[in-house]
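Working notes for the structure below.
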Amino acid sequence: MTTTNPSVARAHEDGRRGGGRRGGRRPGDRSSSVPPYPRAPAYLTYLAGKLSGAVVSLLAVLVTGFFLFRIVPGDPVAAMTRGMPTSAEQLATLRRQFGLDLPVWRQFTDYCGRALTGDLGTSYQFRQPVGELIAQRLPATLLLTGVAVVLYSALGLWLGTRSAWRHGGLGDRLNTGLALTLWSVPSFWLGLLLIIVFSVGVGPVPGLFPTGGMSSGTTTGPAQVLDVAHHMVLPVLTLVAVGYAQTLLVTRASLLDEMGGDYLVTARAKGLRDDLVRRRHAVPNALLPTVTMVFINLGHVAAGSILVETVFSWPGLGGLFYQALSVPDLPLVQGLFMVFAGAMIVMNLLADLAYPLLDPRVGR
Amino acid sequence: MTGAYAEGAAGPRKTEASGPLLAATGLRVTFPGRRGGPEVRAVDGVELAIGTGEIVALVGESGCGKSTLARALLGLLTPSAGSVAFAGEPLAYRARALRAYRRRVQLVLQDPSGSLNPRHTVYDAVAEGLRVHGVPGGRDERTAVARALARAGLRPPERFFGRYPHELSGGQRQRVVIAGALVLEPELIVADEPVASLDASVRGEILALLLRLRDELGLAALVVTHDLGLAWNIADRVAVMYLGRIVETGTVEEVLSAPRHPYTRALLSVLPGGGAEPVVLTGEPPDPARVPDGCRFHVRCPVLASGEAERAGVADACRTRDPAVLPAHGRDAACHWAAAAGREPDGRDGG
């Protein structure tokens with residue numbers, strides 16, 4: 001989705017042709033806005049392009065979601081009635097209730113029609129509208145992953161900048177080494193390890209944190225805030241430890257790229273202090289790839305982390321998705337898929353829209 | 001022009017004609033060798049002087065250390081030995097002293113696309129120096145920026161204020177870079193290959209601009225280039241650099257019409273329309289980590305290879321004795337053979 005380079009090229013082309021194509025439609029536009037700021041029409045074109053791209057992606061997700069989970073093996077009705085004595089008639093009734101007796105193309109058109117009106121269907125196992133289920137679980141996920149993404153983006157940015165500025169030094173090597181090691185650790189394994197050490201307690205280490213859940217359910221008011229924070233420590237720690245390397249490495253690499261730039265030599269030769277050269281010139285320019293990545297990470301916020309939420313029994317969307325997949329609870333799985341992908345597409349769109357504000361070369 | 005500096009932040013100014021504006025003495029810049037290898041002698045003992053209003057061309061092939069020398073003269077690199085003096089005062093490498101120096105000496109780099117921050121407007125790029133050092137002459141920032149742009153040939157300057165580098169042509173960009181250097185009203189500009197990345201027609205315009213600035217503002221310039229034709233067009237004096245050291249120096253006419261050093265001759269012989277048979281240098285390419293003993297050029301020297309040095313009786317000296325470092329002024333070549341030939345009555349160049 002982040003097709004930066006073609007759009008840069010396109011913007012240049014448009015500029016050279018004087019916006020000829022669109023200029024025909026609104027002849028007064030170009031001539032009235034003389035340089036230096038002829039940017040509004042170009043930005044609108046850019047905006048329209050990105051918006052239509054996002055809509056097409058969402059439709060593709062809608063279609064994919066339906067067929068993808070029809071391929072997943074498993075019969076929802078059989079899975080839900082497992083261990084219960086069920087007659088063939090009852091099974092048939094369930095199938096009819098869920099609409100599974102209809103031909104696939106009918107199921108598909110029904111699903112599309114409902115989805116386009118905003119109705120995601122009813123969950124098989126919870127007997128509750130999918131939209132409602134998602135709305136219930138969303139805040140927990142946003143809280144957990146939101147905090148984690150903000151923390152690991154900030155941490156990665158800070159450490160990445162330091163690493164690049166003193167690249168090759170001991171600090172840089174320790175920094176990137178540790179980040180890469182943690183990045184390669186599976187999050188569920190690290191989560192279990194943290195639970196064993198800090199929740200159960202190992203040797204002299206007492207069990208400091210709860211093993212899972214979001215709250216103990218016995219507190220209210222400010223005490224409840226503290227209680228939730230207490231429950232968040234270990235899952236957030238897991239997500240940050242596994243996640244910050246990405247921001248660090250991208251920031252470090254793009255800053256190293258910028259550090260070869262002649263404009264830094266020029267700024268230094270003009271007498272600008274080293275830290276100001278870094279703050280005013282190098283870091284803002286190096287931030288562009290990092291910004292894209294932070295937006296993508298924010299797109300992941302809605303999806304949460306299936307593994308970490310499951311390990312810590314966090315009542316969020318990730319855990320819900322795990323439950324839905326194991327049936328498979330088709331409407332719920334499809335609904336969650338739409339929400340996850342939609343969040344990603346929206347965040348990407350926001351990143352694309354933010355780009356022209358950050359870089360004058362894009363979208364003009 | 002010099003009266004335009006109203007603020008005395010840089011201390012008492014010495015603008016009298018006596019003594020060079022910028023002088024390098026015994027300048028050496030070395031870098032640690034790669035993976036424990038021998039250290040790299042990028043600049044290996046250089047004497048150089050630039051007078052007020054003088055344009056000096058520093059000529060040499062890629063990798064001969066001319067850009068390193070330029071950066072050392074600007075105080076961007078700390079020399080490992082020797083010193084740089086500006087207006088008679090040796091350069092101190094403390095932050096405060098360097099700041100004052102950088103107000104008076106400005107840098108113009110080869111690639112204007114790279115030396116402008118792509119996210120800063122023309123106005124910001126030109127005003128940067130003013131924001132670091134304050135506006136000379138007590139004018140306001142806008143006026144100073146407009147003046148510098150106009151001087152660099154971008155008129156009317158206000159039209160360019162809000163532009164970004166990618167909206168300008170290569171020549172316009174280089175003019176913006178030059179305006180950014182001019183805005184502080186410096187006494188010396190160090191230009192590292194200022195036109196190498198530009199079209200031939202734009203190249204002429206930029207060179208004409210440098211000459212005009214010299215005539216109008218008394219600006220001195222060190223122009224680093226690998227292009228002898230450029231040196232011929234613009235410079236008063238030429239210094240030819242080979243493997244970290246200046247091997248021939250003199251006025252443009254002296255060096256380019258009657259070269260003495262075999263290296264300078266080889267450089268000139270490959271210019272189109274030179275008439276002479278081109279001399280193609282053989283032997284190993286120069287490596288500043290392994291500077292040969294004796295004359296540093298002897299392993300590639302066509303005069304030594306052809307036996308001419310032997311006939312002049314200097315072949316041993318070429319292989320074993322390093323020619324003395326050339327003084328900053330006057331006409332000279334660091335070559336045993338040229339020295340011997342110069343003493344003979346039938347020396348090729350009346351030197």
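Letters A, B, ... go to the chains of the structure tokens in the order shown; residues in each chain start at 1; ligands are counted from 1 in the same order.
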
### Message
For a quick test of understanding: name the residues of chain A lying within 6 Å of chain B when counting only C-alpha atoms, and present them as a PyMOL selection string.
### Response
chain A and resi 36+262-263+270-271

If you run DSSP on the backbone, which residues of segment 136-347 of chain B are strand (DSSP E or B), as a PDB file with N, CA and C atoms, in the first residue's frame?
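Saved to part_28.pdb:
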ATOM      1  N   LEU B 188      36.263  34.115   2.099  1.00  0.00           N
ATOM      2  CA  LEU B 188      36.819  33.018   1.314  1.00  0.00           C
ATOM      3  C   LEU B 188      35.742  31.956   1.104  1.00  0.00           C
ATOM      4  N   ILE B 189      35.700  31.431  -0.120  1.00  0.00           N
ATOM      5  CA  ILE B 189      34.803  30.316  -0.395  1.00  0.00           C
ATOM      6  C   ILE B 189      35.652  29.123  -0.800  1.00  0.00           C
ATOM      7  N   VAL B 190      35.409  27.988  -0.182  1.00  0.00           N
ATOM      8  CA  VAL B 190      36.065  26.758  -0.608  1.00  0.00           C
ATOM      9  C   VAL B 190      35.032  25.982  -1.415  1.00  0.00           C
ATOM     10  N   ALA B 191      35.305  25.803  -2.702  1.00  0.00           N
ATOM     11  CA  ALA B 191      34.339  25.148  -3.576  1.00  0.00           C
ATOM     12  C   ALA B 191      34.914  23.806  -4.013  1.00  0.00           C
ATOM     13  N   ASP B 192      34.258  22.730  -3.582  1.00  0.00           N
ATOM     14  CA  ASP B 192      34.736  21.383  -3.906  1.00  0.00           C
ATOM     15  C   ASP B 192      34.021  20.913  -5.167  1.00  0.00           C
ATOM     16  N   ALA B 220      37.876  35.687  -2.054  1.00  0.00           N
ATOM     17  CA  ALA B 220      38.904  34.720  -2.419  1.00  0.00           C
ATOM     18  C   ALA B 220      38.256  33.347  -2.525  1.00  0.00           C
ATOM     19  N   ALA B 221      38.862  32.458  -3.338  1.00  0.00           N
ATOM     20  CA  ALA B 221      38.257  31.136  -3.480  1.00  0.00           C
ATOM     21  C   ALA B 221      39.324  30.072  -3.671  1.00  0.00           C
ATOM     22  N   LEU B 222      39.076  28.926  -3.054  1.00  0.00           N
ATOM     23  CA  LEU B 222      39.856  27.740  -3.357  1.00  0.00           C
ATOM     24  C   LEU B 222      38.923  26.820  -4.122  1.00  0.00           C
ATOM     25  N   VAL B 223      39.240  26.557  -5.389  1.00  0.00           N
ATOM     26  CA  VAL B 223      38.373  25.716  -6.200  1.00  0.00           C
ATOM     27  C   VAL B 223      39.048  24.358  -6.368  1.00  0.00           C
ATOM     28  N   VAL B 224      38.417  23.341  -5.807  1.00  0.00           N
ATOM     29  CA  VAL B 224      38.951  21.990  -5.915  1.00  0.00           C
ATOM     30  C   VAL B 224      38.373  21.361  -7.172  1.00  0.00           C
ATOM     31  N   THR B 225      39.212  20.845  -8.042  1.00  0.00           N
ATOM     32  CA  THR B 225      38.687  20.295  -9.285  1.00  0.00           C
ATOM     33  C   THR B 225      39.637  19.257  -9.874  1.00  0.00           C
ATOM     34  N   ARG B 237      46.078  31.046  -9.600  1.00  0.00           N
ATOM     35  CA  ARG B 237      47.185  30.135  -9.355  1.00  0.00           C
ATOM     36  C   ARG B 237      46.664  28.700  -9.330  1.00  0.00           C
ATOM     37  N   VAL B 238      47.558  27.779  -9.598  1.00  0.00           N
ATOM     38  CA  VAL B 238      47.184  26.364  -9.623  1.00  0.00           C
ATOM     39  C   VAL B 238      48.117  25.598  -8.693  1.00  0.00           C
ATOM     40  N   ALA B 239      47.542  24.655  -7.958  1.00  0.00           N
ATOM     41  CA  ALA B 239      48.362  23.722  -7.191  1.00  0.00           C
ATOM     42  C   ALA B 239      47.955  22.323  -7.629  1.00  0.00           C
ATOM     43  N   VAL B 240      48.929  21.544  -8.121  1.00  0.00           N
ATOM     44  CA  VAL B 240      48.632  20.192  -8.585  1.00  0.00           C
ATOM     45  C   VAL B 240      48.942  19.229  -7.450  1.00  0.00           C
ATOM     46  N   MET B 241      47.972  18.389  -7.128  1.00  0.00           N
ATOM     47  CA  MET B 241      48.146  17.501  -5.982  1.00  0.00           C
ATOM     48  C   MET B 241      48.269  16.064  -6.460  1.00  0.00           C
ATOM     49  N   TYR B 242      49.200  15.340  -5.848  1.00  0.00           N
ATOM     50  CA  TYR B 242      49.318  13.912  -6.149  1.00  0.00           C
ATOM     51  C   TYR B 242      49.565  13.149  -4.853  1.00  0.00           C
ATOM     52  N   ARG B 245      50.156  15.177  -1.586  1.00  0.00           N
ATOM     53  CA  ARG B 245      51.100  16.286  -1.535  1.00  0.00           C
ATOM     54  C   ARG B 245      50.993  17.127  -2.802  1.00  0.00           C
ATOM     55  N   ILE B 246      51.309  18.422  -2.658  1.00  0.00           N
ATOM     56  CA  ILE B 246      51.287  19.294  -3.829  1.00  0.00           C
ATOM     57  C   ILE B 246      52.605  19.114  -4.570  1.00  0.00           C
ATOM     58  N   VAL B 247      52.524  18.728  -5.846  1.00  0.00           N
ATOM     59  CA  VAL B 247      53.730  18.397  -6.596  1.00  0.00           C
ATOM     60  C   VAL B 247      54.142  19.503  -7.564  1.00  0.00           C
ATOM     61  N   GLU B 248      53.229  20.399  -7.864  1.00  0.00           N
ATOM     62  CA  GLU B 248      53.621  21.518  -8.714  1.00  0.00           C
ATOM     63  C   GLU B 248      52.724  22.700  -8.412  1.00  0.00           C
ATOM     64  N   THR B 249      53.326  23.868  -8.360  1.00  0.00           N
ATOM     65  CA  THR B 249      52.532  25.055  -8.061  1.00  0.00           C
ATOM     66  C   THR B 249      53.082  26.242  -8.836  1.00  0.00           C
ATOM     67  N   GLY B 250      52.217  27.206  -9.096  1.00  0.00           N
ATOM     68  CA  GLY B 250      52.614  28.395  -9.851  1.00  0.00           C
ATOM     69  C   GLY B 250      51.381  29.095 -10.365  1.00  0.00           C
ATOM     70  N   THR B 251      51.573  30.140 -11.189  1.00  0.00           N
ATOM     71  CA  THR B 251      50.405  30.785 -11.770  1.00  0.00           C
ATOM     72  C   THR B 251      49.822  29.850 -12.827  1.00  0.00           C
ATOM     73  N   ASP B 332      57.214  26.226  -8.616  1.00  0.00           N
ATOM     74  CA  ASP B 332      58.111  25.122  -8.307  1.00  0.00           C
ATOM     75  C   ASP B 332      57.440  23.795  -8.629  1.00  0.00           C
ATOM     76  N   ALA B 333      58.276  22.742  -8.772  1.00  0.00           N
ATOM     77  CA  ALA B 333      57.756  21.401  -8.960  1.00  0.00           C
ATOM     78  C   ALA B 333      58.560  20.460  -8.076  1.00  0.00           C
TER      79      ALA B 333
END

### Summary
Pairwise distance, atom CA of Gly171 of chain B with atom CA of Arg147 of chain B, equals 18.3 Å

### Task
Extract the full set of alpha helix (DSSP H) residues from segment 252-311 of chain B according to DSSP on the backbone, and format it as a PyMOL selection string.
chain B and resi 252-257+262-269+302-305+308-311

Just to be explicit: take each residue in the selection above, keep N, CA and C atoms, and write the result as a PDB file, in the first residue's frame.
ATOM      1  N   VAL B 252      48.591  30.142 -13.228  1.00  0.00           N
ATOM      2  CA  VAL B 252      47.927  29.290 -14.207  1.00  0.00           C
ATOM      3  C   VAL B 252      48.768  29.166 -15.475  1.00  0.00           C
ATOM      4  N   GLU B 253      49.281  30.318 -15.974  1.00  0.00           N
ATOM      5  CA  GLU B 253      50.055  30.295 -17.213  1.00  0.00           C
ATOM      6  C   GLU B 253      51.303  29.443 -17.035  1.00  0.00           C
ATOM      7  N   GLU B 254      51.994  29.637 -15.913  1.00  0.00           N
ATOM      8  CA  GLU B 254      53.236  28.908 -15.686  1.00  0.00           C
ATOM      9  C   GLU B 254      52.996  27.399 -15.668  1.00  0.00           C
ATOM     10  N   VAL B 255      52.018  26.995 -14.906  1.00  0.00           N
ATOM     11  CA  VAL B 255      51.824  25.560 -14.709  1.00  0.00           C
ATOM     12  C   VAL B 255      51.216  24.908 -15.946  1.00  0.00           C
ATOM     13  N   LEU B 256      50.217  25.554 -16.524  1.00  0.00           N
ATOM     14  CA  LEU B 256      49.499  24.882 -17.603  1.00  0.00           C
ATOM     15  C   LEU B 256      50.166  25.068 -18.965  1.00  0.00           C
ATOM     16  N   SER B 257      50.942  26.163 -19.169  1.00  0.00           N
ATOM     17  CA  SER B 257      51.620  26.307 -20.464  1.00  0.00           C
ATOM     18  C   SER B 257      52.979  25.643 -20.451  1.00  0.00           C
ATOM     19  N   PRO B 262      56.335  15.613 -14.324  1.00  0.00           N
ATOM     20  CA  PRO B 262      55.815  14.620 -15.279  1.00  0.00           C
ATOM     21  C   PRO B 262      54.332  14.312 -15.051  1.00  0.00           C
ATOM     22  N   TYR B 263      53.881  14.421 -13.799  1.00  0.00           N
ATOM     23  CA  TYR B 263      52.466  14.144 -13.527  1.00  0.00           C
ATOM     24  C   TYR B 263      51.591  15.218 -14.158  1.00  0.00           C
ATOM     25  N   THR B 264      51.971  16.486 -13.986  1.00  0.00           N
ATOM     26  CA  THR B 264      51.209  17.586 -14.596  1.00  0.00           C
ATOM     27  C   THR B 264      51.204  17.436 -16.117  1.00  0.00           C
ATOM     28  N   ARG B 265      52.362  17.043 -16.660  1.00  0.00           N
ATOM     29  CA  ARG B 265      52.444  16.851 -18.117  1.00  0.00           C
ATOM     30  C   ARG B 265      51.495  15.763 -18.585  1.00  0.00           C
ATOM     31  N   ALA B 266      51.442  14.691 -17.792  1.00  0.00           N
ATOM     32  CA  ALA B 266      50.542  13.597 -18.166  1.00  0.00           C
ATOM     33  C   ALA B 266      49.094  14.065 -18.118  1.00  0.00           C
ATOM     34  N   LEU B 267      48.757  14.822 -17.089  1.00  0.00           N
ATOM     35  CA  LEU B 267      47.385  15.336 -16.982  1.00  0.00           C
ATOM     36  C   LEU B 267      47.049  16.207 -18.187  1.00  0.00           C
ATOM     37  N   LEU B 268      47.999  17.075 -18.555  1.00  0.00           N
ATOM     38  CA  LEU B 268      47.739  18.003 -19.654  1.00  0.00           C
ATOM     39  C   LEU B 268      47.697  17.291 -20.997  1.00  0.00           C
ATOM     40  N   SER B 269      48.494  16.236 -21.123  1.00  0.00           N
ATOM     41  CA  SER B 269      48.609  15.585 -22.425  1.00  0.00           C
ATOM     42  C   SER B 269      47.310  14.894 -22.837  1.00  0.00           C
ATOM     43  N   PRO B 302      56.561   8.353 -16.121  1.00  0.00           N
ATOM     44  CA  PRO B 302      57.005   8.004 -17.479  1.00  0.00           C
ATOM     45  C   PRO B 302      58.450   8.438 -17.744  1.00  0.00           C
ATOM     46  N   VAL B 303      58.887   9.478 -17.074  1.00  0.00           N
ATOM     47  CA  VAL B 303      60.255   9.967 -17.286  1.00  0.00           C
ATOM     48  C   VAL B 303      61.252   8.955 -16.737  1.00  0.00           C
ATOM     49  N   LEU B 304      60.958   8.403 -15.573  1.00  0.00           N
ATOM     50  CA  LEU B 304      61.835   7.392 -14.988  1.00  0.00           C
ATOM     51  C   LEU B 304      61.772   6.109 -15.813  1.00  0.00           C
ATOM     52  N   ALA B 305      60.565   5.739 -16.248  1.00  0.00           N
ATOM     53  CA  ALA B 305      60.389   4.494 -16.988  1.00  0.00           C
ATOM     54  C   ALA B 305      61.118   4.543 -18.336  1.00  0.00           C
ATOM     55  N   GLU B 308      64.884   8.477 -19.113  1.00  0.00           N
ATOM     56  CA  GLU B 308      65.326   9.862 -19.225  1.00  0.00           C
ATOM     57  C   GLU B 308      65.914  10.356 -17.906  1.00  0.00           C
ATOM     58  N   ALA B 309      65.298   9.889 -16.795  1.00  0.00           N
ATOM     59  CA  ALA B 309      65.804  10.280 -15.480  1.00  0.00           C
ATOM     60  C   ALA B 309      67.200   9.721 -15.270  1.00  0.00           C
ATOM     61  N   GLU B 310      67.405   8.508 -15.793  1.00  0.00           N
ATOM     62  CA  GLU B 310      68.727   7.879 -15.695  1.00  0.00           C
ATOM     63  C   GLU B 310      69.772   8.752 -16.396  1.00  0.00           C
ATOM     64  N   ARG B 311      69.421   9.196 -17.611  1.00  0.00           N
ATOM     65  CA  ARG B 311      70.358  10.029 -18.372  1.00  0.00           C
ATOM     66  C   ARG B 311      70.656  11.346 -17.660  1.00  0.00           C
TER      67      ARG B 311
END

#### Entry: Contacts of Ala127 of chain B within 9 Å, only C-alpha atoms, excl. fewer than 5 positions in-chain, as an NGL selection string
:B and (122 or 132 or 141-142 or 144-145 or 180 or 183)

Using N, CA, C and O atoms, can you export the residues from the last selection as an mmCIF file, in the first residue's frame?
data_model
loop_
_atom_site.group_PDB
_atom_site.id
_atom_site.type_symbol
_atom_site.label_atom_id
_atom_site.label_comp_id
_atom_site.auth_asym_id
_atom_site.auth_seq_id
_atom_site.Cartn_x
_atom_site.Cartn_y
_atom_site.Cartn_z
ATOM 1 N N VAL B 122 14.061 27.121 -0.110
ATOM 2 C CA VAL B 122 15.202 27.935 -0.506
ATOM 3 C C VAL B 122 15.487 28.975 0.575
ATOM 4 O O VAL B 122 16.633 29.184 0.981
ATOM 5 N N VAL B 132 22.529 30.940 12.508
ATOM 6 C CA VAL B 132 23.631 30.496 13.364
ATOM 7 C C VAL B 132 24.428 31.700 13.856
ATOM 8 O O VAL B 132 24.775 31.791 15.032
ATOM 9 N N GLU B 141 16.584 39.694 8.305
ATOM 10 C CA GLU B 141 16.896 38.420 7.672
ATOM 11 C C GLU B 141 16.381 38.357 6.236
ATOM 12 O O GLU B 141 17.095 37.937 5.326
ATOM 13 N N ARG B 142 15.155 38.804 6.037
ATOM 14 C CA ARG B 142 14.551 38.720 4.700
ATOM 15 C C ARG B 142 15.361 39.482 3.666
ATOM 16 O O ARG B 142 15.626 38.980 2.573
ATOM 17 N N ALA B 144 18.513 40.264 3.835
ATOM 18 C CA ALA B 144 19.806 39.623 3.630
ATOM 19 C C ALA B 144 19.661 38.419 2.706
ATOM 20 O O ALA B 144 20.478 38.215 1.793
ATOM 21 N N VAL B 145 18.608 37.623 2.904
ATOM 22 C CA VAL B 145 18.397 36.445 2.065
ATOM 23 C C VAL B 145 18.132 36.880 0.626
ATOM 24 O O VAL B 145 18.702 36.328 -0.326
ATOM 25 N N GLY B 180 23.571 30.659 -0.175
ATOM 26 C CA GLY B 180 23.687 30.294 1.232
ATOM 27 C C GLY B 180 25.077 30.563 1.771
ATOM 28 O O GLY B 180 25.256 30.878 2.947
ATOM 29 N N VAL B 183 25.547 34.661 1.927
ATOM 30 C CA VAL B 183 24.681 35.457 2.787
ATOM 31 C C VAL B 183 25.427 35.959 4.018
ATOM 32 O O VAL B 183 25.104 37.009 4.558
#

Might you pull out every residue within 8 Å of segment 72-80 of chain A, with only C-alpha atoms counted and same-chain residues fewer than 6 positions away left off, and present them as a tab-separated table (two decimals) with N, CA and C atoms, in the first residue's frame?
chain	number	residue	atom	x	y	z
A	91	LEU	N	-28.72	-31.36	14.11
A	91	LEU	CA	-27.60	-30.83	13.31
A	91	LEU	C	-28.13	-30.07	12.11
A	94	LEU	N	-29.48	-26.74	13.11
A	94	LEU	CA	-28.39	-25.79	13.35
A	94	LEU	C	-27.84	-25.24	12.04
A	95	ARG	N	-27.62	-26.18	11.09
A	95	ARG	CA	-27.09	-25.78	9.79
A	95	ARG	C	-28.00	-24.75	9.12
A	125	GLN	N	-20.99	-19.37	18.25
A	125	GLN	CA	-20.79	-19.91	19.58
A	125	GLN	C	-21.29	-18.97	20.67
A	327	VAL	N	-13.24	-22.92	16.23
A	327	VAL	CA	-14.53	-23.61	15.94
A	327	VAL	C	-14.62	-24.16	14.50
A	328	PRO	N	-14.50	-23.50	13.38
A	328	PRO	CA	-14.40	-22.05	13.18
A	328	PRO	C	-15.76	-21.36	13.21
A	329	ASP	N	-15.82	-20.30	13.95
A	329	ASP	CA	-17.02	-19.48	14.10
A	329	ASP	C	-17.02	-18.48	12.94
A	330	LEU	N	-17.55	-18.92	11.78
A	330	LEU	CA	-17.33	-18.18	10.54
A	330	LEU	C	-17.70	-16.69	10.60

### Query
Quick one: residues within 10 Å of His336 of chain B, only C-alpha atoms counted, chain neighbours fewer than 4 positions away excluded, as a PyMOL selection string?
chain B and resi 261+295+309+312-318+321-324+340-342

How would the residues just picked look written out with N, CA and C atoms as a compact mmCIF listing (two decimals), in the first residue's frame?
# COMPACT_ATOMS: atom_id res chain seq x y z
N HIS B 261 56.44 19.12 -13.85
CA HIS B 261 56.33 17.80 -13.23
C HIS B 261 55.75 16.80 -14.23
N CYS B 295 60.51 9.49 -4.41
CA CYS B 295 59.46 10.33 -4.98
C CYS B 295 58.18 9.50 -5.04
N ALA B 309 65.30 9.89 -16.80
CA ALA B 309 65.80 10.28 -15.48
C ALA B 309 67.20 9.72 -15.27
N ALA B 312 69.62 11.87 -16.94
CA ALA B 312 69.85 13.12 -16.21
C ALA B 312 70.59 12.87 -14.90
N GLY B 313 70.80 11.57 -14.57
CA GLY B 313 71.56 11.23 -13.38
C GLY B 313 70.79 11.35 -12.08
N VAL B 314 69.44 11.30 -12.16
CA VAL B 314 68.66 11.47 -10.94
C VAL B 314 67.86 10.22 -10.59
N ALA B 315 68.01 9.14 -11.37
CA ALA B 315 67.15 7.97 -11.18
C ALA B 315 67.23 7.44 -9.75
N ASP B 316 68.43 7.41 -9.15
CA ASP B 316 68.57 6.93 -7.78
C ASP B 316 67.79 7.81 -6.81
N ALA B 317 67.94 9.12 -7.02
CA ALA B 317 67.23 10.06 -6.15
C ALA B 317 65.73 9.84 -6.27
N CYS B 318 65.23 9.62 -7.48
CA CYS B 318 63.80 9.40 -7.69
C CYS B 318 63.32 8.23 -6.85
N ARG B 321 64.91 9.27 -2.62
CA ARG B 321 64.83 10.53 -1.89
C ARG B 321 63.48 11.22 -2.17
N ASP B 322 62.77 11.51 -1.07
CA ASP B 322 61.48 12.20 -1.19
C ASP B 322 61.77 13.66 -1.50
N PRO B 323 61.26 14.20 -2.61
CA PRO B 323 61.50 15.62 -2.90
C PRO B 323 60.95 16.49 -1.77
N ALA B 324 61.60 17.63 -1.56
CA ALA B 324 61.18 18.51 -0.47
C ALA B 324 59.75 19.01 -0.70
N ALA B 340 66.89 18.96 -12.05
CA ALA B 340 68.13 18.75 -12.79
C ALA B 340 68.02 19.39 -14.18
N ALA B 341 66.88 19.19 -14.84
CA ALA B 341 66.69 19.72 -16.18
C ALA B 341 66.69 21.23 -16.17
N GLY B 342 66.12 21.81 -15.10
CA GLY B 342 66.05 23.26 -15.00
C GLY B 342 67.43 23.88 -14.93

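Between atom CA of Ala42 of chain B and atom CA of Glu61 of chain B lies a distance of 13.0 Å.
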
### Message
Rounded to one decimal, what separation in Å do you get between atom CA of Gly51 of chain B and atom CA of Leu272 of chain A?
### Response
26.7 Å

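With only C-alpha atoms taken into account, the protein and nucleic acid residues at most 6 Å from segment 226-239 of chain A (excluding it and anything under 2 positions from it in its own chain) are Ala148, Gly191, Pro210, Met214, Ser215, Ala223, Gln224, Ala241, Val242 and Gly243 of chain A.
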
### Task
Skip His281 of chain A itself and residues of its chain fewer than 4 positions away, then list as a ChimeraX atom specification all residues within 7 Å of it, counting only C-alpha atoms.
/A:264,277,285

### Task
Rank B:Leu211, B:Leu271, B:Pro32, B:Ala258 by their smallest atom-to-atom distance to Asp227 of chain B, using only C-alpha atoms, and report the top residue only.
B:Leu271
